[in-house]
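Taking it in order: structure first as structure tokens, then the write-up.
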There are 2 protein chains.
Amino acid sequence: MIIRVLVSVFLLLSVLNLVPEAKGEEGMYPMSELEKLDLQAAGLELDPELIYNPNGLSLVDGICKIGGCTGSFVSDQGLMLTNHHCAFRAIRDASSAEDDFLHQGFSALTQADEVPAVGYTVRITDSYRDVSSEVLSAVISDMSPEDRTRAIEKKMKELSLAEEEVKPGKRAEVSEMFLGKTYVLFTYTYLKDVRLVFAPPLAIGNFGGEEDNWMWPRHSGDFSFMRAYVGPDGKPADYSPDNIPYSPKVVLEVGSNGVAEDDFVFIFGYPGTTYRHRSAAFLKYLSEQYMPTVVDWYGWQIDNLVASAQGDRSRELALAARVKGLQNTYKNYRGKLQGISRLDLLTTRENEETNLKKFIANDPELTKNYSKVLPGLDDYYHQRAETIGFDLWLGYMLRSSETMSAALTVWENSIEKNKSETDREWAYMERNLDQTLNSLVIKAQTFDPQADALIMGELLMRAENINQAAALAGVSDMVGSSGSKKADKFLDRAFKKSSLMKDETLLEVMEMDTEQLRDLNDPFLDLVAELYPPYLELREENKRHKGQLDQLQASLQDLKKLYQGQDFVPDANGTLRLTYGRIEGYSPRDAIEMVPLTTLEGILEKDTGVKPFNVPDRFKELVLEGDFGPFLSKEMGGVPVNMLYSTDTTGGNSGSPVLNATGQVVGLNFDRAWEATINDFAWDHSYSRSIGVDIRYVLWVTWKYGQADRLLREMKVDF
Amino acid sequence: MIIRVLVSVFLLLSVLNLVPEAKGEEGMYPMSELEKLDLQAAGLELDPELIYNPNGLSLVDGICKIGGCTGSFVSDQGLMLTNHHCAFRAIRDASSAEDDFLHQGFSALTQADEVPAVGYTVRITDSYRDVSSEVLSAVISDMSPEDRTRAIEKKMKELSLAEEEVKPGKRAEVSEMFLGKTYVLFTYTYLKDVRLVFAPPLAIGNFGGEEDNWMWPRHSGDFSFMRAYVGPDGKPADYSPDNIPYSPKVVLEVGSNGVAEDDFVFIFGYPGTTYRHRSAAFLKYLSEQYMPTVVDWYGWQIDNLVASAQGDRSRELALAARVKGLQNTYKNYRGKLQGISRLDLLTTRENEETNLKKFIANDPELTKNYSKVLPGLDDYYHQRAETIGFDLWLGYMLRSSETMSAALTVWENSIEKNKSETDREWAYMERNLDQTLNSLVIKAQTFDPQADALIMGELLMRAENINQAAALAGVSDMVGSSGSKKADKFLDRAFKKSSLMKDETLLEVMEMDTEQLRDLNDPFLDLVAELYPPYLELREENKRHKGQLDQLQASLQDLKKLYQGQDFVPDANGTLRLTYGRIEGYSPRDAIEMVPLTTLEGILEKDTGVKPFNVPDRFKELVLEGDFGPFLSKEMGGVPVNMLYSTDTTGGNSGSPVLNATGQVVGLNFDRAWEATINDFAWDHSYSRSIGVDIRYVLWVTWKYGQADRLLREMKVDF
């Protein structure tokens, strides 16, 4: 009888919602940190060994990195689920003004119809080990900062190459975890034949477009299916029609029952970069110097590229991915700037550092070791701020236009190819050259000279405001200033004369040495030749900066650890991480509560018939028809569309599967809420929310709108 | 033991939130309908006789009408609580550029310091009786529509005058309840000495300004205190320093414990106008013709008046109330237009009428009596639409500028004064002439000729687009067209020459006959003389229209009653009504929930230091100090600011006390949520929410910021 009573009390407490529950919390945990976590106490209903096990198979083996995104294997035939925006370039490349798959969606009827996604690669984490002491053994005590950086970079490359020797067919990379302090060697399976399988139309996959981007409530079907292929022998191979689907070690189960509010969820993925352990000086530099400049330049590009392609669908398609990328960063940075100011993050950081200074001042030993760290960081960013105008301009000049970006790569390659493998810059190492060339070829295929001319013309005009006359004297002689119309004339002639942006040309010129390139008299290569000395100076300067920063940042890390008496999770760096939380809403402002699941009604409510709120008529009919099959949420009376949860994510987590307490895929991460754009600097349970597509919406759209029953069967989903 | 079990079950059901509770519902009930309601089942914890009792005292006797707003008596010294925006003109009139009470707030230290609110009157409903049969007895069967209107108007006036004969010192008015069908004679106590007692600064009283107007979440301290005075003999009297505070029959108790979510609340007030029983043709006319024209013209006036006074605080003050009024209607109409379109209200109405037509068609008797009603209404609004351009232009020409409005009143008075009392237009009846003159004098005191010249110039320019050359030939001869700059020259000369807008002049000219006015050669009176024939035609045309509409609308009402098998509550018409509901949030869009109480933190969150989000520093200090006395809500950790509830209100309900289940004042109604601007046409529990100031905020601001302890003591509030 005592047991029954206890059960009753428990039920009553549940009803009253008094059962204490773990909430979402800060942390993008590397696999090496997982054992420190009590995931079961947080809500996981599996043995943690089943989700990550360095000595056997686990859920992690079903996760992969697709380009800059994350994906998951959802069938034993290499079928991968990722975001629509991650497959965007592939869908765009498969499209033409006649067969506009961005507009109409794409569904391969059979595997034979799946379209190669040129330039896409898939990377699966096989193993990792800490190599900090090996990497840092390359550092000699009196090295200059630039030599320190070079020595570390070289050692990282050596370790990678050595590992690849031992594990043929695998890919190895050393990643820096804490700046200047810890390094981990990751080994990856690396697949190069990736194909597009299914994508909803843009009106579903990007419903809400830029207006809804970084916003909740959201109603986007931001998903697509891709497939990894390998050679007939099962080994990684370049594209060939003879290739066969890749058989992943682990297939994630699709949880078509979905989730409910308060459910525990977790995410594996490859988050890109966070800055939570950086100094106030860095935050000030970033928010007052760096980000406003980027926002200004990206805003200019968006406005002018969009206006220039208006009404010409072929050019719109050619520029679509480029504009989308610019818009995404533009809005994200504006969100960050607003968040930094709203939360007064700079004052918070400064107060933390005031406390650190007091902590140091009270102890002679600490004073000796650390008193120069914070002033050093202040000096460091003051120096950076002095040259940022020219540094960013030079970077934009060499990279914002695709022509100049290609010319720089070709030119730099002709110089780097004379060095030994481990002395080369990363992109020009033998093992990376394929990928470097590939990305040039992809850009050449949608090359838009008008857009490039626009961008270069503007940057040449802006050069006049940059106080670097000496460094740019040669450029000025060659191009003239924009005010005198010389620049426009130069660009006109240059784009007529240059044949750089052609597949064949690129393949040829990548084989040439510097003298051969000079002899081509290509105006863009000539311009790069003029810009190369300041560029090289900046590249070397950056190595010196990294050397300085690494030491300062490593010391700051040590100091904070002493002060707080505890260790931290390293900032995101593109390596595999786990984060967990709950399906839960939040309050962005007084008296407004966000509910964590959105509905099909919400789509109809937003639908105006006008882009980006224009769902296809057939979609609306299907909603009204109401055949939701097993994907119906009875409480909601329809199929849930998007979900909100308190995990800790950032860019690079796009496409990450959202997993429930038993490890089933219940959603697909694709964005964060507006207030959470600040996540890169600070995470807080009150506002940090990530946004995913509910798996029930993915399945319902694939089934009903896409009529791709074969994919549901392949995923073993009943419908 | 059975009782205990039942209690447990009840508690469990409560916990599970399964206890059925009455929600807010549609209905602005006239007092005559109250006995049909089961208010106790809805949540009232008082005997309904205590809130309304035609044969004795009840809460209703503590309610009054102040100008176009509602107020309530909260002390036995005639102290009234109403909105800041209702006292706006009084605060403005008391202000000067030096003593800017709008900016700094106003607090009379003693009763002697209370400032007369010129032009304000207070009206308390004493009794009412149905006089429909008496009014309609004036209608003879073959009367023309215009004669019908005239006969009804005359009878209404006669009944009022007769009642005032019997009840000396009282005011009587007949109000039309259902158009052309039912009429009620109301008797009022009518007080003419009203004074300003206390008002918070605009930055509190209108925090959020136009940006937040018609919006939730809200954080406005939209309250003020006024006081009614009577002659030393206790009878209504004009202002005199010898007057004494009015002693109301009933004083409402202030409920400083406030409310919580889900609490039952009800509101007495004087809602102005609703259109819930009108036809689809009316809705179409209103939303496609009338409202867009108003929005366009009001928008023009707001932009140009604001720009013209920019930087000149005296002129800003002079125009403040005018601009505020324009803005309020402008935003409200835009909300309505959006709501009509969002809810597709026109289709709903049309579908209802399709059903009515089917209902008629099935029955020869109904066909005979009603088949012409809906087509008749269609015709009626088609006709109205044909002349609306000129009708509205003429109305604006005669009323949008204060000079022309005064000139029209003076001119019309010189003609109407020759008629018998009951034949005169309402404004020119002996009993109303004081009030008419008063409002002219008030406008003259803040007269701004620049604003009037701007408005008249624009209207004269617009006259060129109006196809009424014949009617306007005289005007054109006199003024010239604006394109030829003649209009500007005319206005220049006219404003220099005319001395109409002066107190003394107005008093003089109101005594003159038409010939004397002609001899003045005042340019504006001359212009009115030119416009008077078409105006008179329109005035008579409107009587014909009302006669037509009354009959059609009365028949539609009968038909709907037959179809639905039930009676309705009449549309709002400025008479006393009751509405009830609960403190509850709502969801304006998918996945967004509005919480029904806002907090002081929400004010600080919105505060930018810039108008209209600029609370005074001392206010912020008081919030941070945290001395909330008995006005603290423990659950919220502060003083609740604004509240949201599901009652049925419209314009005219401003200032209505929000009463709790025991009849205490717990808030002060001042606005509706954006989606509820559509209330005038359709009420729905899902989106119709009204907004009030929480009484705890009223009391805390009066106490802490206003330091007006005397008022709290007068209201018998502990602090």
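Here, A, B, ... name the chains of the structure tokens in the order displayed, residue numbers run from 1 inside each chain, and ligands are numbered from 1 in the same displayed order.
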Closest atom pairs, residues of chain A within 8 Å of chain B, only C-alpha atoms, as JSON lines:
{"residue": "A:Val15", "atom": "CA", "partner": "B:Leu16", "partner_atom": "CA", "distance": 7.0}
{"residue": "A:Leu16", "atom": "CA", "partner": "B:Val15", "partner_atom": "CA", "distance": 6.9}
{"residue": "A:Pro217", "atom": "CA", "partner": "B:Ala591", "partner_atom": "CA", "distance": 6.0}
{"residue": "A:Arg589", "atom": "CA", "partner": "B:Gly602", "partner_atom": "CA", "distance": 7.2}
{"residue": "A:Asp590", "atom": "CA", "partner": "B:Gly602", "partner_atom": "CA", "distance": 4.9}
{"residue": "A:Ala591", "atom": "CA", "partner": "B:Val595", "partner_atom": "CA", "distance": 4.5}
{"residue": "A:Ile592", "atom": "CA", "partner": "B:Met594", "partner_atom": "CA", "distance": 4.9}
{"residue": "A:Glu593", "atom": "CA", "partner": "B:Glu593", "partner_atom": "CA", "distance": 5.0}
{"residue": "A:Met594", "atom": "CA", "partner": "B:Ile592", "partner_atom": "CA", "distance": 4.9}
{"residue": "A:Val595", "atom": "CA", "partner": "B:Ala591", "partner_atom": "CA", "distance": 4.5}
{"residue": "A:Pro596", "atom": "CA", "partner": "B:Ala591", "partner_atom": "CA", "distance": 6.8}
{"residue": "A:Leu597", "atom": "CA", "partner": "B:Ala591", "partner_atom": "CA", "distance": 6.6}
{"residue": "A:Thr598", "atom": "CA", "partner": "B:Ala591", "partner_atom": "CA", "distance": 5.6}
{"residue": "A:Thr599", "atom": "CA", "partner": "B:Asp590", "partner_atom": "CA", "distance": 6.9}
{"residue": "A:Glu601", "atom": "CA", "partner": "B:Asp590", "partner_atom": "CA", "distance": 7.4}
{"residue": "A:Gly602", "atom": "CA", "partner": "B:Asp590", "partner_atom": "CA", "distance": 4.9}
{"residue": "A:Glu605", "atom": "CA", "partner": "B:Arg589", "partner_atom": "CA", "distance": 7.7}
Quick one: everything within 12 Å of range 420-435 of chain B, counting only C-alpha atoms, minus sequence neighbours fewer than 5 positions away in the same chain. Send it as number ranges by chain. B: 67, 118-121, 149-162, 164, 169-173, 192, 238, 408-415, 440-442, 507, 510-511, 536, 539-540, 543
Would you save the residues from that selection as a PDB file, in the first residue's frame, using C-alpha atoms?
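As written to disk, again-v4.pdb reads:
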ATOM      1  CA  GLY B  67     -17.256  64.637 -21.718  1.00  0.00           C
ATOM      2  CA  VAL B 118     -13.482  74.566 -18.872  1.00  0.00           C
ATOM      3  CA  GLY B 119     -15.984  72.859 -21.157  1.00  0.00           C
ATOM      4  CA  TYR B 120     -16.061  69.642 -19.129  1.00  0.00           C
ATOM      5  CA  THR B 121     -19.447  68.425 -17.901  1.00  0.00           C
ATOM      6  CA  THR B 149     -36.717  61.725 -39.586  1.00  0.00           C
ATOM      7  CA  ARG B 150     -37.858  65.254 -38.805  1.00  0.00           C
ATOM      8  CA  ALA B 151     -40.985  64.037 -37.042  1.00  0.00           C
ATOM      9  CA  ILE B 152     -39.018  61.575 -34.896  1.00  0.00           C
ATOM     10  CA  GLU B 153     -36.363  64.154 -34.047  1.00  0.00           C
ATOM     11  CA  LYS B 154     -39.022  66.642 -33.039  1.00  0.00           C
ATOM     12  CA  LYS B 155     -40.844  64.121 -30.884  1.00  0.00           C
ATOM     13  CA  MET B 156     -37.580  63.130 -29.167  1.00  0.00           C
ATOM     14  CA  LYS B 157     -36.929  66.772 -28.335  1.00  0.00           C
ATOM     15  CA  GLU B 158     -40.474  67.309 -27.086  1.00  0.00           C
ATOM     16  CA  LEU B 159     -40.247  64.300 -24.781  1.00  0.00           C
ATOM     17  CA  SER B 160     -36.928  65.531 -23.383  1.00  0.00           C
ATOM     18  CA  LEU B 161     -38.243  69.029 -22.739  1.00  0.00           C
ATOM     19  CA  ALA B 162     -41.408  67.692 -21.140  1.00  0.00           C
ATOM     20  CA  GLU B 164     -37.139  68.384 -17.834  1.00  0.00           C
ATOM     21  CA  GLY B 169     -32.541  70.793 -12.630  1.00  0.00           C
ATOM     22  CA  LYS B 170     -32.242  67.464 -14.404  1.00  0.00           C
ATOM     23  CA  ARG B 171     -31.283  66.840 -17.979  1.00  0.00           C
ATOM     24  CA  ALA B 172     -33.344  64.485 -20.174  1.00  0.00           C
ATOM     25  CA  GLU B 173     -32.362  62.874 -23.497  1.00  0.00           C
ATOM     26  CA  LYS B 192     -21.031  71.897 -15.014  1.00  0.00           C
ATOM     27  CA  ASP B 238     -21.628  76.940 -13.371  1.00  0.00           C
ATOM     28  CA  LEU B 408     -20.475  77.559 -39.843  1.00  0.00           C
ATOM     29  CA  THR B 409     -21.783  77.433 -36.268  1.00  0.00           C
ATOM     30  CA  VAL B 410     -22.242  81.203 -36.187  1.00  0.00           C
ATOM     31  CA  TRP B 411     -23.948  81.252 -39.591  1.00  0.00           C
ATOM     32  CA  GLU B 412     -26.211  78.269 -38.901  1.00  0.00           C
ATOM     33  CA  ASN B 413     -27.161  79.709 -35.520  1.00  0.00           C
ATOM     34  CA  SER B 414     -28.312  82.969 -37.170  1.00  0.00           C
ATOM     35  CA  ILE B 415     -30.766  80.887 -39.211  1.00  0.00           C
ATOM     36  CA  LEU B 440     -16.161  77.510 -29.761  1.00  0.00           C
ATOM     37  CA  VAL B 441     -14.579  79.601 -27.052  1.00  0.00           C
ATOM     38  CA  ILE B 442     -12.316  76.745 -25.964  1.00  0.00           C
ATOM     39  CA  LEU B 507     -19.901  86.074 -28.029  1.00  0.00           C
ATOM     40  CA  MET B 510     -23.585  84.507 -31.883  1.00  0.00           C
ATOM     41  CA  GLU B 511     -26.153  87.218 -31.104  1.00  0.00           C
ATOM     42  CA  LEU B 536     -28.102  72.575 -46.318  1.00  0.00           C
ATOM     43  CA  ARG B 539     -28.106  68.130 -44.198  1.00  0.00           C
ATOM     44  CA  GLU B 540     -31.602  67.590 -45.550  1.00  0.00           C
ATOM     45  CA  LYS B 543     -32.375  63.332 -42.922  1.00  0.00           C
TER      46      LYS B 543
END
Run DSSP on the backbone and give me the residues of range 57-137 of chain A it puts in strand (DSSP E), as a compact mmCIF listing (two decimals) with N, CA, C and O atoms, in the first residue's frame.
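In the end it all went to part.txt:
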# COMPACT_ATOMS: atom_id res chain seq x y z
N ILE A 63 26.03 10.54 -37.21
CA ILE A 63 26.09 11.99 -37.46
C ILE A 63 27.21 12.30 -38.46
O ILE A 63 28.26 11.66 -38.43
N CYS A 64 26.99 13.27 -39.34
CA CYS A 64 28.07 13.64 -40.25
C CYS A 64 28.08 15.15 -40.45
O CYS A 64 27.16 15.86 -40.04
N LYS A 65 29.15 15.60 -41.07
CA LYS A 65 29.27 17.01 -41.42
C LYS A 65 29.10 17.10 -42.93
O LYS A 65 29.77 16.39 -43.68
N ILE A 66 28.15 17.91 -43.40
CA ILE A 66 27.95 18.09 -44.84
C ILE A 66 28.31 19.53 -45.16
O ILE A 66 27.57 20.45 -44.76
N CYS A 69 27.56 22.36 -42.73
CA CYS A 69 26.40 21.99 -41.91
C CYS A 69 26.58 20.61 -41.27
O CYS A 69 27.58 19.94 -41.48
N THR A 70 25.58 20.23 -40.52
CA THR A 70 25.54 18.89 -39.92
C THR A 70 24.43 18.10 -40.61
O THR A 70 23.46 18.67 -41.09
N GLY A 71 24.62 16.78 -40.67
CA GLY A 71 23.58 15.91 -41.22
C GLY A 71 23.50 14.63 -40.40
O GLY A 71 24.32 14.41 -39.50
N SER A 72 22.51 13.81 -40.68
CA SER A 72 22.42 12.54 -39.97
C SER A 72 22.00 11.45 -40.94
O SER A 72 21.26 11.71 -41.89
N PHE A 73 22.49 10.26 -40.70
CA PHE A 73 22.12 9.13 -41.56
C PHE A 73 20.80 8.55 -41.08
O PHE A 73 20.66 8.18 -39.92
N LEU A 79 21.22 7.54 -46.82
CA LEU A 79 20.31 8.68 -46.92
C LEU A 79 20.58 9.64 -45.76
O LEU A 79 20.65 9.20 -44.61
N MET A 80 20.72 10.92 -46.07
CA MET A 80 21.03 11.91 -45.03
C MET A 80 19.95 12.97 -44.98
O MET A 80 19.46 13.43 -46.01
N LEU A 81 19.65 13.37 -43.75
CA LEU A 81 18.70 14.45 -43.54
C LEU A 81 19.51 15.69 -43.15
O LEU A 81 20.38 15.63 -42.27
N THR A 82 19.26 16.79 -43.86
CA THR A 82 19.90 18.05 -43.47
C THR A 82 18.96 19.19 -43.84
O THR A 82 17.82 18.94 -44.24
N PHE A 106 12.37 19.53 -55.53
CA PHE A 106 13.04 18.47 -56.28
C PHE A 106 12.77 17.13 -55.61
O PHE A 106 12.85 17.01 -54.40
N SER A 107 12.41 16.13 -56.41
CA SER A 107 12.26 14.79 -55.86
C SER A 107 12.74 13.77 -56.88
O SER A 107 12.17 13.65 -57.96
N VAL A 115 20.76 13.69 -58.12
CA VAL A 115 21.67 14.59 -58.87
C VAL A 115 22.94 14.87 -58.07
O VAL A 115 22.87 15.24 -56.91
N PRO A 116 24.12 14.70 -58.71
CA PRO A 116 25.38 14.98 -58.00
C PRO A 116 25.40 16.40 -57.44
O PRO A 116 25.05 17.35 -58.16
N VAL A 122 31.16 14.84 -47.35
CA VAL A 122 30.58 14.36 -46.09
C VAL A 122 31.72 13.85 -45.22
O VAL A 122 32.63 13.16 -45.72
N ARG A 123 31.68 14.19 -43.97
CA ARG A 123 32.76 13.86 -43.05
C ARG A 123 32.13 13.25 -41.80
O ARG A 123 31.20 13.85 -41.23
N ILE A 124 32.61 12.06 -41.42
CA ILE A 124 32.06 11.39 -40.23
C ILE A 124 33.20 11.23 -39.22
O ILE A 124 34.26 10.68 -39.56
N THR A 125 32.98 11.69 -38.00
CA THR A 125 34.04 11.59 -36.98
C THR A 125 34.24 10.13 -36.59
O THR A 125 33.30 9.47 -36.13
N ASP A 126 35.48 9.62 -36.78
CA ASP A 126 35.78 8.24 -36.40
C ASP A 126 36.35 8.17 -34.98
O ASP A 126 35.95 7.34 -34.19
N SER A 127 37.32 9.04 -34.71
CA SER A 127 37.96 9.00 -33.40
C SER A 127 38.67 10.32 -33.14
O SER A 127 38.73 11.16 -34.03
N TYR A 128 39.16 10.49 -31.94
CA TYR A 128 39.90 11.71 -31.62
C TYR A 128 40.89 11.37 -30.52
O TYR A 128 40.70 10.40 -29.78
N ARG A 129 41.95 12.14 -30.41
CA ARG A 129 42.83 12.05 -29.22
C ARG A 129 43.50 13.40 -28.98
O ARG A 129 43.74 14.16 -29.91
N ASP A 130 43.78 13.64 -27.70
CA ASP A 130 44.40 14.90 -27.32
C ASP A 130 45.87 14.89 -27.77
O ASP A 130 46.60 13.93 -27.49
So which one's closest to Asp571 in chain A, A:Asp38, A:Glu33, A:Asp680, A:Glu714? Using only C-alpha atoms, please.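 Looking only at the distances to Asp571 in chain A, the closest residue turns out to be A:Asp680.
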Can you pull out every residue from range 48-158 of chain B that DSSP, working from the backbone, puts in alpha helix (DSSP H), and format the result as a VMD selection string? chain B and resid 48 to 51 88 to 94 101 to 104 132 to 136 145 to 158
Save the residues we just selected, C-alpha atoms, as a JSON list (two decimals), in the first residue's frame?
[["chain", "number", "residue", "atom", "x", "y", "z"],
["B", 48, "PRO", "CA", -27.16, 41.86, -8.79],
["B", 49, "GLU", "CA", -29.48, 44.36, -7.09],
["B", 50, "LEU", "CA", -26.42, 45.88, -5.48],
["B", 51, "ILE", "CA", -24.90, 46.69, -8.81],
["B", 88, "PHE", "CA", -5.97, 65.78, -21.65],
["B", 89, "ARG", "CA", -7.65, 69.02, -22.78],
["B", 90, "ALA", "CA", -8.00, 70.19, -19.20],
["B", 91, "ILE", "CA", -4.32, 69.52, -18.46],
["B", 92, "ARG", "CA", -3.33, 71.18, -21.73],
["B", 93, "ASP", "CA", -5.49, 74.23, -20.97],
["B", 94, "ALA", "CA", -3.93, 74.55, -17.52],
["B", 101, "PHE", "CA", 1.67, 70.25, -16.73],
["B", 102, "LEU", "CA", 1.46, 67.81, -19.62],
["B", 103, "HIS", "CA", 5.22, 67.43, -19.32],
["B", 104, "GLN", "CA", 5.64, 67.63, -15.54],
["B", 132, "SER", "CA", -40.55, 53.86, -28.39],
["B", 133, "SER", "CA", -44.30, 53.93, -28.91],
["B", 134, "GLU", "CA", -44.51, 57.65, -28.02],
["B", 135, "VAL", "CA", -41.68, 58.52, -30.42],
["B", 136, "LEU", "CA", -43.00, 56.38, -33.25],
["B", 145, "PRO", "CA", -38.21, 59.54, -45.36],
["B", 146, "GLU", "CA", -36.98, 63.08, -44.57],
["B", 147, "ASP", "CA", -40.29, 64.01, -42.93],
["B", 148, "ARG", "CA", -40.15, 60.79, -40.92],
["B", 149, "THR", "CA", -36.72, 61.73, -39.59],
["B", 150, "ARG", "CA", -37.86, 65.25, -38.80],
["B", 151, "ALA", "CA", -40.99, 64.04, -37.04],
["B", 152, "ILE", "CA", -39.02, 61.57, -34.90],
["B", 153, "GLU", "CA", -36.36, 64.15, -34.05],
["B", 154, "LYS", "CA", -39.02, 66.64, -33.04],
["B", 155, "LYS", "CA", -40.84, 64.12, -30.88],
["B", 156, "MET", "CA", -37.58, 63.13, -29.17],
["B", 157, "LYS", "CA", -36.93, 66.77, -28.33],
["B", 158, "GLU", "CA", -40.47, 67.31, -27.09]]
List as a ChimeraX atom specification the protein and nucleic acid residues near Glu316 in chain B, meaning an atom at most 12 Å away when only C-alpha atoms are counted, but skip any in the same chain fewer than 6 places from it. /B:92,95-97,100,102-103,305-310,322-324,446-448,451
Serialized selection, N, CA and C atoms, as a compact mmCIF listing (two decimals), in the first residue's frame:
# COMPACT_ATOMS: atom_id res chain seq x y z
N ARG B 92 -3.93 70.31 -20.70
CA ARG B 92 -3.33 71.18 -21.73
C ARG B 92 -3.72 72.64 -21.47
N SER B 95 -1.91 74.30 -18.87
CA SER B 95 -0.47 74.39 -19.14
C SER B 95 -0.10 75.61 -19.95
N SER B 96 1.17 75.98 -19.85
CA SER B 96 1.76 76.99 -20.73
C SER B 96 3.17 76.48 -21.00
N ALA B 97 3.88 77.16 -21.92
CA ALA B 97 5.24 76.71 -22.20
C ALA B 97 6.09 76.76 -20.93
N ASP B 100 4.38 73.62 -17.77
CA ASP B 100 3.94 72.59 -18.70
C ASP B 100 3.48 71.35 -17.94
N LEU B 102 1.43 69.05 -18.83
CA LEU B 102 1.46 67.81 -19.62
C LEU B 102 2.82 67.15 -19.40
N HIS B 103 3.86 67.96 -19.45
CA HIS B 103 5.22 67.43 -19.32
C HIS B 103 5.54 67.02 -17.88
N LEU B 305 0.45 68.80 -39.65
CA LEU B 305 0.34 69.58 -38.42
C LEU B 305 1.57 69.36 -37.55
N VAL B 306 2.00 68.10 -37.44
CA VAL B 306 3.17 67.79 -36.61
C VAL B 306 4.39 68.52 -37.18
N ALA B 307 4.58 68.43 -38.51
CA ALA B 307 5.75 69.06 -39.12
C ALA B 307 5.71 70.57 -38.93
N SER B 308 4.51 71.14 -39.03
CA SER B 308 4.40 72.59 -38.98
C SER B 308 4.72 73.15 -37.59
N ALA B 309 4.42 72.37 -36.53
CA ALA B 309 4.63 72.89 -35.17
C ALA B 309 5.97 72.47 -34.58
N GLN B 310 6.68 71.63 -35.30
CA GLN B 310 7.95 71.07 -34.81
C GLN B 310 8.88 72.15 -34.24
N ARG B 322 -5.61 68.15 -30.66
CA ARG B 322 -6.11 67.95 -32.00
C ARG B 322 -5.35 66.81 -32.69
N VAL B 323 -4.02 66.84 -32.62
CA VAL B 323 -3.19 65.81 -33.25
C VAL B 323 -3.43 64.46 -32.59
N LYS B 324 -3.52 64.47 -31.27
CA LYS B 324 -3.74 63.22 -30.54
C LYS B 324 -5.06 62.57 -30.97
N THR B 446 -6.98 78.21 -28.07
CA THR B 446 -5.73 77.61 -28.56
C THR B 446 -5.67 77.71 -30.08
N PHE B 447 -6.37 78.70 -30.61
CA PHE B 447 -6.47 78.84 -32.07
C PHE B 447 -5.08 79.01 -32.73
N ASP B 448 -4.85 78.24 -33.78
CA ASP B 448 -3.57 78.27 -34.48
C ASP B 448 -3.84 78.54 -35.97
N ALA B 451 -2.07 76.40 -38.73
CA ALA B 451 -2.60 75.06 -38.95
C ALA B 451 -3.86 75.12 -39.81
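For the choices B:Leu549, B:Ala407, B:Ala203, B:Ala494, the atom-to-atom distance to Ala453 in chain B is smallest for B:Ala494 when using only C-alpha atoms.
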Restricting the calculation to only C-alpha atoms: of A:Val294, A:Glu25, A:Met715, A:His84, which residue gets closest to Ser686 in chain A? A:Glu25
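The environment of range 395-403 of chain A within 9 Å, counting only C-alpha atoms and disregarding residues fewer than 6 places along the same chain, consists of Trp297, Leu440, Lys443, Ala444, Phe447, Asp448, Pro449, Ala451, Asp452, Ala453, Leu454, Ile455, Met456, Leu459, Leu460, Leu500, Met501, Phe524, Val528, Leu531 and Tyr535 of chain A.
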